[in-house]
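Asker: My structure file run.cif, mmCIF, C-alpha atoms and all ligand atoms, is below:
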data_my_file
loop_
_atom_site.label_atom_id
_atom_site.label_comp_id
_atom_site.auth_asym_id
_atom_site.auth_seq_id
_atom_site.Cartn_x
_atom_site.Cartn_y
_atom_site.Cartn_z
CA MET A 1 -94.25 -143.64 70.13
CA PHE A 2 -90.66 -144.33 69.18
CA MET A 3 -91.00 -147.98 68.87
CA THR A 4 -90.33 -149.39 65.52
CA GLU A 5 -91.64 -152.85 66.33
CA GLU A 6 -94.86 -151.65 64.66
CA GLY A 7 -92.85 -150.86 61.53
CA PHE A 8 -93.27 -147.09 61.63
CA LYS A 9 -92.21 -144.13 63.71
CA VAL A 10 -93.78 -140.68 64.08
CA THR A 11 -92.15 -137.84 66.02
CA PRO A 12 -92.08 -134.10 65.22
CA TRP A 13 -88.56 -134.60 63.79
CA GLU A 14 -88.68 -138.00 62.22
CA VAL A 15 -91.33 -139.93 60.31
CA LYS A 16 -90.38 -143.40 59.09
CA GLY A 17 -92.17 -146.29 57.42
CA ARG A 18 -95.75 -146.79 56.30
CA ILE A 19 -97.92 -145.27 59.02
CA ASP A 20 -100.78 -147.37 60.39
CA TYR A 21 -103.16 -144.57 61.37
CA ASP A 22 -105.45 -146.82 63.43
CA LYS A 23 -102.50 -147.79 65.58
CA LEU A 24 -101.28 -144.18 65.70
CA ILE A 25 -104.68 -143.02 67.00
CA LYS A 26 -104.29 -145.45 69.89
CA GLN A 27 -100.63 -144.62 70.54
CA PHE A 28 -101.25 -140.89 70.58
CA GLY A 29 -104.60 -141.10 72.37
CA ILE A 30 -106.42 -138.99 69.76
CA GLU A 31 -110.03 -139.30 68.59
CA PRO A 32 -111.02 -140.33 65.05
CA LEU A 33 -113.32 -137.84 63.31
CA ASN A 34 -116.57 -139.81 63.42
CA ASN A 35 -119.87 -139.03 61.67
CA LYS A 36 -121.37 -137.44 64.76
CA ILE A 37 -118.69 -134.79 65.10
CA LEU A 38 -118.56 -134.22 61.33
CA THR A 39 -122.32 -133.65 61.20
CA ARG A 40 -121.90 -131.11 63.96
CA LEU A 41 -119.05 -129.40 62.14
CA LYS A 42 -121.04 -129.35 58.88
CA LYS A 43 -123.86 -127.51 60.61
CA HIS A 44 -121.51 -124.55 60.77
CA THR A 45 -119.44 -124.99 57.60
CA LYS A 46 -122.32 -126.10 55.27
CA ASP A 47 -119.99 -128.43 53.37
CA LEU A 48 -116.98 -130.56 54.25
CA HIS A 49 -113.53 -129.96 52.80
CA TYR A 50 -112.31 -132.69 50.40
CA LEU A 51 -109.53 -133.54 52.89
CA ILE A 52 -112.18 -134.36 55.51
CA ARG A 53 -114.37 -136.29 53.05
CA ARG A 54 -111.34 -138.46 52.22
CA ASN A 55 -110.40 -139.02 55.86
CA ILE A 56 -107.05 -137.26 55.28
CA ILE A 57 -108.02 -134.83 58.01
CA PHE A 58 -108.77 -137.77 60.26
CA ALA A 59 -108.55 -137.11 64.00
CA HIS A 60 -108.95 -134.50 66.70
CA ARG A 61 -108.68 -133.58 70.35
CA ASP A 62 -111.58 -131.75 72.02
CA LEU A 63 -113.30 -130.58 68.85
CA ASP A 64 -116.67 -131.18 70.58
CA TRP A 65 -115.65 -128.83 73.37
CA LEU A 66 -114.51 -126.20 70.85
CA LEU A 67 -117.88 -126.37 69.05
CA ASN A 68 -119.72 -126.15 72.39
CA GLU A 69 -117.85 -122.94 73.12
CA TYR A 70 -118.43 -121.63 69.60
CA GLU A 71 -122.15 -122.28 69.93
CA LYS A 72 -122.08 -120.32 73.20
CA ARG A 73 -120.53 -117.46 71.17
CA ASN A 74 -117.09 -117.99 72.67
CA LYS A 75 -115.25 -117.74 69.34
CA PHE A 76 -111.93 -119.54 68.88
CA TYR A 77 -108.75 -118.55 67.05
CA LEU A 78 -106.55 -120.76 64.87
CA TYR A 79 -102.87 -121.49 65.41
CA THR A 80 -100.46 -123.36 63.14
CA GLY A 81 -96.84 -123.09 61.99
CA ARG A 82 -93.75 -124.03 60.03
CA GLY A 83 -90.19 -125.02 60.90
CA PRO A 84 -88.05 -123.27 58.27
CA SER A 85 -85.42 -125.91 57.47
CA GLY A 86 -85.69 -125.38 53.70
CA HIS A 87 -88.20 -124.50 51.01
CA THR A 88 -91.88 -125.31 51.49
CA HIS A 89 -93.05 -128.57 49.91
CA LEU A 90 -96.42 -129.84 48.80
CA GLY A 91 -97.09 -131.68 52.08
CA HIS A 92 -96.82 -128.48 54.11
CA LEU A 93 -99.56 -126.90 52.00
CA ILE A 94 -102.07 -129.56 53.12
CA PRO A 95 -102.66 -128.33 56.71
CA TRP A 96 -102.32 -124.70 55.55
CA MET A 97 -105.00 -125.01 52.85
CA PHE A 98 -107.24 -126.65 55.43
CA THR A 99 -106.48 -123.88 57.94
CA LYS A 100 -107.50 -121.29 55.34
CA TRP A 101 -110.77 -123.14 54.80
CA LEU A 102 -111.43 -123.03 58.56
CA GLN A 103 -110.54 -119.32 58.65
CA ASP A 104 -113.00 -118.61 55.83
CA LYS A 105 -115.80 -120.76 57.26
CA PHE A 106 -115.60 -119.48 60.83
CA ASP A 107 -114.23 -116.01 60.08
CA VAL A 108 -111.55 -116.29 62.76
CA LYS A 109 -108.04 -115.04 63.50
CA LEU A 110 -104.91 -117.09 62.81
CA LEU A 111 -101.56 -117.00 64.60
CA PHE A 112 -98.78 -118.51 62.47
CA GLN A 113 -95.51 -119.41 64.20
CA ILE A 114 -92.22 -119.79 62.32
CA THR A 115 -89.83 -121.80 64.49
CA ASP A 116 -86.43 -120.69 63.19
CA ASP A 117 -85.01 -121.40 66.68
CA GLU A 118 -86.22 -125.00 66.47
CA LYS A 119 -84.70 -125.72 63.11
CA PHE A 120 -81.40 -124.12 64.13
CA MET A 121 -81.23 -126.33 67.23
CA PHE A 122 -82.33 -129.55 65.53
CA LYS A 123 -80.51 -129.36 62.19
CA GLU A 124 -76.82 -129.71 62.77
CA LYS A 125 -75.78 -128.00 59.56
CA LEU A 126 -78.35 -125.19 59.47
CA SER A 127 -77.04 -121.76 60.47
CA LEU A 128 -79.31 -119.26 62.18
CA GLU A 129 -78.91 -116.98 59.14
CA ASP A 130 -80.16 -119.70 56.79
CA ALA A 131 -83.07 -120.53 59.11
CA LYS A 132 -84.06 -116.88 58.91
CA LYS A 133 -83.63 -116.78 55.14
CA PHE A 134 -85.89 -119.83 54.72
CA SER A 135 -88.37 -118.31 57.19
CA TYR A 136 -89.00 -115.41 54.83
CA GLU A 137 -89.10 -117.75 51.83
CA ASN A 138 -91.70 -119.92 53.63
CA ILE A 139 -93.74 -116.84 54.62
CA LEU A 140 -94.25 -116.14 50.90
CA ASP A 141 -95.89 -119.56 50.58
CA VAL A 142 -98.06 -118.99 53.64
CA ILE A 143 -99.29 -115.69 52.19
CA ALA A 144 -99.78 -117.31 48.76
CA VAL A 145 -102.24 -119.79 50.33
CA GLY A 146 -104.55 -116.79 50.63
CA PHE A 147 -105.02 -116.09 54.34
CA ASP A 148 -106.92 -112.95 55.25
CA PRO A 149 -104.30 -110.23 55.99
CA LYS A 150 -106.64 -108.54 58.48
CA LYS A 151 -107.05 -111.73 60.48
CA THR A 152 -103.65 -113.42 60.14
CA LYS A 153 -100.45 -112.71 62.05
CA ILE A 154 -97.10 -114.39 61.37
CA PHE A 155 -93.99 -114.23 63.55
CA LEU A 156 -90.48 -115.72 63.76
CA ASP A 157 -89.51 -117.03 67.18
CA THR A 158 -86.12 -115.27 67.25
CA GLU A 159 -87.64 -111.94 66.16
CA TYR A 160 -90.66 -112.04 68.48
CA SER A 161 -88.76 -113.19 71.54
CA LYS A 162 -89.60 -110.21 73.76
CA THR A 163 -93.21 -111.43 73.79
CA LEU A 164 -92.58 -115.17 73.53
CA TYR A 165 -89.77 -115.73 76.03
CA PRO A 166 -91.56 -114.71 79.26
CA GLN A 167 -94.49 -116.94 78.27
CA ALA A 168 -92.24 -119.86 77.25
CA ILE A 169 -90.50 -119.93 80.63
CA ARG A 170 -93.88 -120.04 82.38
CA VAL A 171 -94.57 -123.24 80.42
CA ALA A 172 -91.04 -124.63 80.85
CA LYS A 173 -91.30 -124.46 84.64
CA HIS A 174 -93.98 -127.18 84.48
CA ILE A 175 -92.12 -129.60 82.19
CA THR A 176 -89.46 -131.98 83.48
CA PHE A 177 -86.58 -133.47 81.54
CA SER A 178 -88.07 -136.88 82.18
CA THR A 179 -91.34 -135.85 80.46
CA THR A 180 -89.51 -134.61 77.36
CA LYS A 181 -87.46 -137.82 77.30
CA ALA A 182 -90.60 -139.95 77.47
CA VAL A 183 -92.56 -137.92 74.89
CA PHE A 184 -89.82 -137.04 72.38
CA GLY A 185 -87.10 -139.62 73.04
CA PHE A 186 -84.40 -137.13 74.09
CA SER A 187 -81.28 -138.43 75.82
CA ASN A 188 -78.51 -137.00 77.98
CA GLU A 189 -76.69 -136.17 74.75
CA SER A 190 -79.52 -133.98 73.35
CA ASN A 191 -78.64 -130.31 73.38
CA ILE A 192 -80.51 -128.34 76.03
CA GLY A 193 -82.16 -126.05 73.46
CA GLN A 194 -83.98 -129.08 72.06
CA ILE A 195 -85.17 -130.10 75.51
CA PHE A 196 -86.56 -126.59 76.12
CA PHE A 197 -88.11 -126.11 72.70
CA THR A 198 -91.57 -127.62 73.24
CA SER A 199 -92.29 -124.73 75.68
CA VAL A 200 -91.84 -122.27 72.78
CA GLN A 201 -94.22 -124.13 70.47
CA ALA A 202 -96.79 -124.18 73.31
CA VAL A 203 -96.97 -120.38 73.64
CA PRO A 204 -99.19 -119.45 70.66
CA ALA A 205 -101.75 -121.97 71.98
CA PHE A 206 -102.61 -119.44 74.72
CA LEU A 207 -101.06 -116.19 73.41
CA GLU A 208 -104.39 -114.75 72.27
CA SER A 209 -105.65 -115.22 75.86
CA VAL A 210 -102.63 -113.24 77.08
CA PHE A 211 -103.37 -110.48 74.52
CA GLN A 212 -107.06 -110.28 75.38
CA GLY A 213 -106.69 -110.78 79.14
CA ARG A 214 -109.39 -113.49 79.07
CA ASN A 215 -109.50 -117.12 78.03
CA VAL A 216 -109.94 -117.58 74.27
CA PRO A 217 -110.38 -121.11 72.83
CA CYS A 218 -107.70 -122.19 70.35
CA LEU A 219 -107.87 -124.72 67.48
CA ILE A 220 -104.62 -126.08 66.03
CA PRO A 221 -104.76 -127.71 62.58
CA LEU A 222 -101.56 -129.70 62.03
CA GLY A 223 -99.92 -132.74 60.49
CA VAL A 224 -100.16 -135.53 63.07
CA ASP A 225 -96.37 -135.59 63.58
CA GLN A 226 -96.67 -132.32 65.54
CA ASP A 227 -99.22 -133.68 68.03
CA PRO A 228 -96.70 -134.67 70.78
CA HIS A 229 -95.87 -130.98 71.44
CA PHE A 230 -99.47 -130.28 72.22
CA ARG A 231 -99.95 -133.40 74.31
CA VAL A 232 -97.38 -131.79 76.62
CA ALA A 233 -98.91 -128.31 76.28
CA ARG A 234 -102.40 -129.61 77.06
CA ASP A 235 -101.11 -130.92 80.42
CA VAL A 236 -99.41 -127.63 81.29
CA LEU A 237 -101.84 -124.92 80.12
CA PRO A 238 -104.60 -125.56 82.70
CA LYS A 239 -101.89 -125.17 85.40
CA LEU A 240 -101.35 -121.64 84.08
CA GLY A 241 -105.09 -120.97 84.07
CA TYR A 242 -105.66 -121.40 80.30
CA TYR A 243 -107.85 -123.71 78.22
CA LYS A 244 -106.34 -126.81 76.65
CA PRO A 245 -106.09 -126.17 72.90
CA ALA A 246 -108.27 -128.27 70.57
CA ILE A 247 -106.45 -129.99 67.71
CA ILE A 248 -107.39 -131.31 64.28
CA HIS A 249 -104.96 -133.72 62.65
CA SER A 250 -103.98 -134.39 59.06
CA LYS A 251 -102.41 -137.56 57.73
CA LEU A 252 -99.01 -137.09 56.13
CA MET A 253 -98.89 -136.94 52.35
CA PRO A 254 -96.66 -139.80 51.17
CA GLY A 255 -93.52 -139.25 49.12
CA LEU A 256 -93.16 -139.75 45.39
CA THR A 257 -90.49 -142.39 45.89
CA GLY A 258 -92.78 -144.79 47.76
CA ASN A 259 -90.80 -144.72 51.04
CA GLY A 260 -93.28 -143.31 53.52
CA LYS A 261 -93.64 -139.56 54.14
CA MET A 262 -92.27 -137.01 51.71
CA SER A 263 -89.18 -135.50 53.15
CA ALA A 264 -87.09 -132.44 52.41
CA SER A 265 -83.96 -134.53 52.98
CA ASP A 266 -84.95 -136.68 49.97
CA PRO A 267 -85.62 -133.96 47.35
CA ASN A 268 -86.96 -136.49 44.82
CA SER A 269 -89.70 -137.55 47.23
CA THR A 270 -91.51 -134.25 47.02
CA ILE A 271 -92.18 -131.14 44.97
CA PHE A 272 -91.00 -127.84 46.40
CA THR A 273 -93.01 -124.70 45.74
CA THR A 274 -89.94 -123.21 44.05
CA ASP A 275 -89.33 -126.13 41.64
CA SER A 276 -89.24 -125.37 37.91
CA PRO A 277 -91.60 -127.13 35.46
CA GLU A 278 -88.70 -129.30 34.24
CA VAL A 279 -87.87 -130.46 37.75
CA ILE A 280 -91.55 -131.16 38.55
CA GLU A 281 -91.88 -133.20 35.39
CA ARG A 282 -88.72 -135.19 36.11
CA LYS A 283 -89.76 -135.97 39.70
CA ILE A 284 -93.21 -137.16 38.63
CA LYS A 285 -91.82 -139.23 35.75
CA ASN A 286 -89.56 -141.04 38.23
CA ALA A 287 -92.32 -141.56 40.82
CA PHE A 288 -93.08 -144.96 42.33
CA THR A 289 -96.40 -146.34 41.04
CA GLY A 290 -96.48 -149.86 42.39
CA GLN A 291 -97.72 -151.01 38.97
CA GLN A 292 -96.91 -154.48 37.62
CA ALA A 293 -93.50 -155.15 36.08
CA THR A 294 -94.70 -155.07 32.45
CA ILE A 295 -97.50 -153.32 30.53
CA GLU A 296 -99.05 -156.71 29.71
CA LEU A 297 -99.16 -157.73 33.38
CA GLN A 298 -100.51 -154.34 34.40
CA LYS A 299 -103.33 -154.62 31.84
CA LYS A 300 -104.10 -158.11 33.09
CA LEU A 301 -103.75 -157.74 36.85
CA GLY A 302 -104.18 -154.02 37.49
CA GLY A 303 -102.42 -152.03 40.19
CA ASN A 304 -103.00 -150.86 43.73
CA PRO A 305 -103.92 -147.15 44.08
CA ASP A 306 -103.30 -147.28 47.83
CA ILE A 307 -99.57 -147.77 47.34
CA CYS A 308 -99.26 -145.87 44.04
CA SER A 309 -97.73 -142.48 44.82
CA VAL A 310 -99.20 -140.95 41.65
CA CYS A 311 -102.72 -141.97 42.78
CA GLN A 312 -102.01 -140.61 46.24
CA TYR A 313 -100.94 -137.27 44.75
CA TYR A 314 -104.32 -137.02 43.06
CA LYS A 315 -106.06 -137.98 46.29
CA PHE A 316 -104.23 -135.53 48.56
CA PHE A 317 -104.06 -132.62 46.16
CA PHE A 318 -104.57 -132.68 42.44
CA GLU A 319 -108.09 -134.10 42.00
CA GLN A 320 -110.55 -132.53 44.37
CA ASP A 321 -113.67 -133.98 42.68
CA ASP A 322 -114.54 -137.27 44.42
CA LYS A 323 -116.17 -138.89 41.38
CA LYS A 324 -113.21 -138.11 39.12
CA LEU A 325 -110.83 -139.43 41.77
CA GLU A 326 -112.78 -142.69 41.92
CA GLY A 327 -112.42 -142.90 38.11
CA ILE A 328 -108.65 -142.54 38.39
CA PHE A 329 -108.45 -145.17 41.15
CA GLU A 330 -110.66 -147.54 39.15
CA GLY A 331 -108.44 -147.03 36.09
CA GLU A 332 -105.46 -148.05 38.19
CA ARG A 333 -107.17 -151.07 39.76
CA SER A 334 -108.49 -152.40 36.46
CA GLY A 335 -105.22 -151.89 34.64
CA LYS A 336 -106.85 -149.55 32.08
CA LEU A 337 -104.68 -146.62 33.05
CA LEU A 338 -100.98 -147.05 32.53
CA ALA A 339 -98.26 -145.35 34.52
CA GLY A 340 -97.07 -143.21 31.59
CA GLU A 341 -100.49 -141.58 30.91
CA HIS A 342 -101.10 -141.15 34.59
CA LYS A 343 -97.81 -139.39 35.16
CA GLU A 344 -98.15 -137.14 32.15
CA ASP A 345 -101.53 -135.90 33.31
CA LEU A 346 -100.36 -135.43 36.89
CA ALA A 347 -97.26 -133.52 35.79
CA GLU A 348 -99.42 -131.19 33.70
CA ARG A 349 -101.69 -130.44 36.66
CA ALA A 350 -98.78 -129.99 39.05
CA ILE A 351 -96.94 -127.61 36.70
CA LYS A 352 -100.10 -125.53 36.30
CA PHE A 353 -100.72 -125.40 40.05
CA PHE A 354 -97.15 -124.36 40.84
CA GLU A 355 -97.05 -121.73 38.10
CA GLU A 356 -100.07 -120.10 39.72
CA HIS A 357 -98.64 -120.53 43.20
CA GLN A 358 -95.33 -118.98 42.14
CA LYS A 359 -97.15 -115.92 40.78
CA LYS A 360 -98.91 -115.50 44.13
CA ARG A 361 -95.54 -115.97 45.90
CA GLU A 362 -94.11 -113.10 43.83
CA LYS A 363 -97.01 -110.83 44.74
CA ALA A 364 -96.63 -111.79 48.41
CA LYS A 365 -93.20 -110.10 48.50
CA ASP A 366 -94.83 -106.68 48.96
CA GLN A 367 -97.28 -107.92 51.55
CA ILE A 368 -94.99 -109.44 54.18
CA GLU A 369 -95.15 -106.53 56.62
CA LYS A 370 -98.96 -106.53 56.52
CA PHE A 371 -98.83 -110.00 58.07
CA MET A 372 -95.92 -109.73 60.51
CA LEU A 373 -96.39 -109.49 64.24
CA ARG A 374 -93.49 -107.56 65.78
CA ASP A 375 -92.61 -106.49 69.29
P1 LIG B 401 -93.00 -128.41 59.71
O1 LIG B 401 -92.32 -127.25 59.10
O2 LIG B 401 -92.27 -129.72 59.78
O3 LIG B 401 -94.35 -128.68 58.95
C1 LIG B 401 -95.33 -127.65 58.77
C2 LIG B 401 -96.71 -128.29 58.80
O4 LIG B 401 -96.83 -129.22 57.74
C3 LIG B 401 -97.16 -130.52 58.25
N1 LIG B 401 -96.55 -131.51 57.35
C4 LIG B 401 -97.27 -132.28 56.52
N2 LIG B 401 -98.60 -132.37 56.34
C5 LIG B 401 -99.03 -133.29 55.42
N3 LIG B 401 -98.19 -134.07 54.71
C6 LIG B 401 -96.85 -134.00 54.87
N4 LIG B 401 -96.05 -134.78 54.16
C7 LIG B 401 -96.34 -133.06 55.81
N5 LIG B 401 -95.09 -132.72 56.23
C8 LIG B 401 -95.25 -131.77 57.16
C9 LIG B 401 -96.64 -130.52 59.66
O5 LIG B 401 -97.25 -131.49 60.45
C10 LIG B 401 -96.96 -129.11 60.09
O6 LIG B 401 -98.31 -128.99 60.47
N6 LIG B 401 -92.46 -127.35 64.63
C11 LIG B 401 -93.34 -127.22 63.46
C12 LIG B 401 -93.77 -125.75 63.21
C13 LIG B 401 -94.89 -125.34 64.12
C14 LIG B 401 -96.22 -125.86 64.09
C15 LIG B 401 -96.91 -125.16 65.13
C16 LIG B 401 -96.86 -126.79 63.27
C17 LIG B 401 -94.83 -124.41 65.12
N7 LIG B 401 -96.03 -124.30 65.73
C18 LIG B 401 -98.27 -125.43 65.37
C19 LIG B 401 -98.21 -127.06 63.52
C20 LIG B 401 -98.89 -126.38 64.56
C21 LIG B 401 -92.64 -127.76 62.21
O7 LIG B 401 -91.45 -127.90 62.18
O8 LIG B 401 -93.52 -128.01 61.17
#
Turn this file's structure into structure tokens for me.
Ligand code: TYM

Answerer:
Amino acid sequence: MFMTEEGFKVTPWEVKGRIDYDKLIKQFGIEPLNNKILTRLKKHTKDLHYLIRRNIIFAHRDLDWLLNEYEKRNKFYLYTGRGPSGHTHLGHLIPWMFTKWLQDKFDVKLLFQITDDEKFMFKEKLSLEDAKKFSYENILDVIAVGFDPKKTKIFLDTEYSKTLYPQAIRVAKHITFSTTKAVFGFSNESNIGQIFFTSVQAVPAFLESVFQGRNVPCLIPLGVDQDPHFRVARDVLPKLGYYKPAIIHSKLMPGLTGNGKMSASDPNSTIFTTDSPEVIERKIKNAFTGQQATIELQKKLGGNPDICSVCQYYKFFFEQDDKKLEGIFEGERSGKLLAGEHKEDLAERAIKFFEEHQKKREKAKDQIEKFMLRD
């Protein structure tokens, strides 16, 4: 998983290069979402989310099992999370919007973990105080996505430790240093908090079973970079008497600068939920389009929507109508649509979306305690 001979790298802490998802499916040992499983899912959801239709939500582990249980009236709960290293960006909203869709369709509970401990231990310059500050900033975005307050519980690892710690050490006892080295690439120089951390992220995958005193199935929607944690957890949980969690994976939204995944450490590669209209406009104007060097050449030869970050922004987020998206892609391929018009339209949509989102974020400030799980 760390090898770069394939030209890309995906770990929970580092994503590099242009990801080949077919190869990643094999490396990670995950299942593509095929027609059979999607037909089964659609029986319950009636329609399929645009992220599924576009193969952005693209893979799973044990979704068949989860649906078997659901059909036997053994209802599941959802679990997902955020590592608060900074403000929320557009990419983070992808698995959260999809999680909300699942919550609405199946009418199920959601546990949302904020790993302030993780980010403190992995980011050399991040203080624990700042990790906590960003946790509460990020929680505003989670609430703004629209989760049901009666069915959604959010917690910070450092604040919910009385409940989490005894469960985390039960997991940790079954994980060796050599496993974490093989799965995550740790070395003798890694700090010991990092080596322990995967046991903390495993806990919410069975916490509802602890609460209810019986086994409750769990479904984890996530960006595929987080899968390795649950590969480890899925080996350990049966040893503690719990179900393995099912997982549904999202591809990673590429950055605006055309260098692989959007990343908080390259602020121009993404839009943060707190960005002003001016900043959004500037970032989109400077985005990589992959169009030909001159307008004449572009009109003659056309461009490639698969590498154009503006086209990808429409695909992942800003054009949810499939026919209209095809029109945009065709415009790019045929050379009819030029980068300038494209970017202007995208910037307008993005500014509108974030203005709305920021209003919801403001309203969320009074709702935090309704969502928090405290011990
Ligand atoms: P974090 O904060 O790195 O990311 C939060 C969620 O967003 C996904 N993600 C993306 N999805 C699409 N496109 C992108 N460009 C993109 N960038 C990030 C991540 O995969 C993740 O699902 N340790 C975790 C927090 C966590 C968690 C969990 C995540 C705790 N428990 C359970 C998923 C499921 C973290 O640092 O995520």

Asker: Between atom N3 of ligand LIG 401 (chain B) and CA of Asp225 in chain A, what distance in Å does the model show, to one decimal?

Answerer: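 Computing the Euclidean distance for atom N3 of ligand LIG 401 (chain B) and CA of Asp225 in chain A yields 9.2 Å.
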
Asker: Go through A:Ile30, A:Ala287, A:Val216, A:Val10 and flag the residue nearest His249 in chain A, using only C-alpha atoms for the distances.

Answerer: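 Residue with the minimum atom-to-atom distance to His249 in chain A: A:Ile30.
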
Asker: For each of A:Lys105, A:Tyr21, A:Lys363, A:Lys72, take the minimum atom-to-atom distance to His44 in chain A, counting all atoms listed in the file, then give the residue where this is smallest.

Answerer: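 Looking at the shortest contact to His44 in chain A, the residue is A:Lys105.
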
Asker: For each of A:Tyr313, A:Phe371, A:Tyr242, A:Tyr50, take the minimum atom-to-atom distance to ligand LIG 401 (chain B), counting only C-alpha atoms and all ligand atoms, then give the residue where this is smallest.

Answerer: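 Checking each candidate against ligand LIG 401 (chain B), we get A:Tyr313 as the closest.
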
Asker: Please tabulate, as CSV, the residues of chain A that come within 8 Å of ligand LIG 401 (chain B), each with its closest pair of atoms and the distance in Å to one decimal, counting all atoms listed in the file and ordering rows by chain, then residue number upward.

Answerer:
residue,atom,partner,partner_atom,distance
A:Pro12,CA,B:LIG401,N6,6.8
A:Trp13,CA,B:LIG401,O2,7.3
A:Tyr79,CA,B:LIG401,C18,6.1
A:Thr80,CA,B:LIG401,C20,3.7
A:Gly81,CA,B:LIG401,C14,3.5
A:Arg82,CA,B:LIG401,C12,3.6
A:Gly83,CA,B:LIG401,O7,3.4
A:Pro84,CA,B:LIG401,O1,5.9
A:Ser85,CA,B:LIG401,O1,7.2
A:Thr88,CA,B:LIG401,O1,7.9
A:His89,CA,B:LIG401,N5,7.8
A:Leu90,CA,B:LIG401,N4,7.3
A:Gly91,CA,B:LIG401,C6,3.6
A:His92,CA,B:LIG401,O4,3.7
A:Leu93,CA,B:LIG401,O4,6.8
A:Ile94,CA,B:LIG401,C5,5.3
A:Pro95,CA,B:LIG401,N2,5.7
A:Trp96,CA,B:LIG401,C2,7.4
A:Phe112,CA,B:LIG401,N7,7.2
A:Gln113,CA,B:LIG401,C17,5.1
A:Ile114,CA,B:LIG401,C17,6.0
A:Thr115,CA,B:LIG401,C17,5.7
A:Glu118,CA,B:LIG401,N6,6.9
A:Lys119,CA,B:LIG401,O7,7.2
A:Gln201,CA,B:LIG401,N7,5.1
A:Ala202,CA,B:LIG401,N7,7.6
A:Pro204,CA,B:LIG401,N7,7.6
A:Ile220,CA,B:LIG401,C20,5.9
A:Pro221,CA,B:LIG401,C20,6.3
A:Leu222,CA,B:LIG401,O6,3.7
A:Gly223,CA,B:LIG401,O5,2.9
A:Val224,CA,B:LIG401,O5,5.6
A:Asp225,CA,B:LIG401,O5,5.2
A:Gln226,CA,B:LIG401,O5,5.2
A:Ser250,CA,B:LIG401,C5,6.2
A:Lys251,CA,B:LIG401,C5,5.9
A:Leu252,CA,B:LIG401,N3,3.4
A:Met253,CA,B:LIG401,N3,3.8
A:Pro254,CA,B:LIG401,N4,5.9
A:Gly255,CA,B:LIG401,N4,7.2
A:Lys261,CA,B:LIG401,N4,5.4
A:Met262,CA,B:LIG401,N4,5.0
A:Ser263,CA,B:LIG401,N4,7.0

Asker: Considering only C-alpha atoms, state which residue in the set A:Leu48, A:Val232, A:Val210, A:Ala144 is at the smallest distance from Phe28 in chain A.

Answerer: A:Val232

Asker: Please identify all polymer residues within 10 Å of Gln167 in chain A, counting only C-alpha atoms, omitting same-chain residues fewer than 3 positions from it, and present them as a list in words.

Answerer: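 My list of contacting residues is Ser161, Lys162, Thr163, Leu164, Arg170, Val171, Ala172, Ser199, Val200, Ala202, Val203, Pro204, Phe206, Leu207 and Val210 of chain A.
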
Asker: Find the residues with any atom within 10 Å of (-104.7, -112.0, 59.1); use all atoms listed in the file and the coordinates as given in the file, and write the answer as a PDB file with C-alpha atoms, in the frame of the given file.

Answerer:
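Saved file out13.pdb follows:
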ATOM      1  CA  GLN A 103    -110.540-119.320  58.650  1.00  0.00           C
ATOM      2  CA  VAL A 108    -111.550-116.290  62.760  1.00  0.00           C
ATOM      3  CA  LYS A 109    -108.040-115.040  63.500  1.00  0.00           C
ATOM      4  CA  LEU A 110    -104.910-117.090  62.810  1.00  0.00           C
ATOM      5  CA  LEU A 111    -101.560-117.000  64.600  1.00  0.00           C
ATOM      6  CA  PHE A 112     -98.780-118.510  62.470  1.00  0.00           C
ATOM      7  CA  ILE A 143     -99.290-115.690  52.190  1.00  0.00           C
ATOM      8  CA  GLY A 146    -104.550-116.790  50.630  1.00  0.00           C
ATOM      9  CA  PHE A 147    -105.020-116.090  54.340  1.00  0.00           C
ATOM     10  CA  ASP A 148    -106.920-112.950  55.250  1.00  0.00           C
ATOM     11  CA  PRO A 149    -104.300-110.230  55.990  1.00  0.00           C
ATOM     12  CA  LYS A 150    -106.640-108.540  58.480  1.00  0.00           C
ATOM     13  CA  LYS A 151    -107.050-111.730  60.480  1.00  0.00           C
ATOM     14  CA  THR A 152    -103.650-113.420  60.140  1.00  0.00           C
ATOM     15  CA  LYS A 153    -100.450-112.710  62.050  1.00  0.00           C
ATOM     16  CA  ILE A 154     -97.100-114.390  61.370  1.00  0.00           C
ATOM     17  CA  LYS A 370     -98.960-106.530  56.520  1.00  0.00           C
ATOM     18  CA  PHE A 371     -98.830-110.000  58.070  1.00  0.00           C
ATOM     19  CA  MET A 372     -95.920-109.730  60.510  1.00  0.00           C
TER      20      MET A 372
END

Asker: With a distance cut-off of 10 Å and all atoms listed in the file, select the neighbouring residues of Phe76 in chain A, excluding the residue or stretch itself and same-chain residues fewer than 5 positions from it, and output the selection as a PyMOL selection string.

Answerer: chain A and resi 66-67+69-70+106-110+208+215-219+245-246

Asker: Nearest to Asp275 in chain A: which of A:Ile351, A:Leu297, A:Leu240, A:Ile19 is it, counting only C-alpha atoms?

Answerer: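 So, comparing all the options, the nearest one is A:Ile351.
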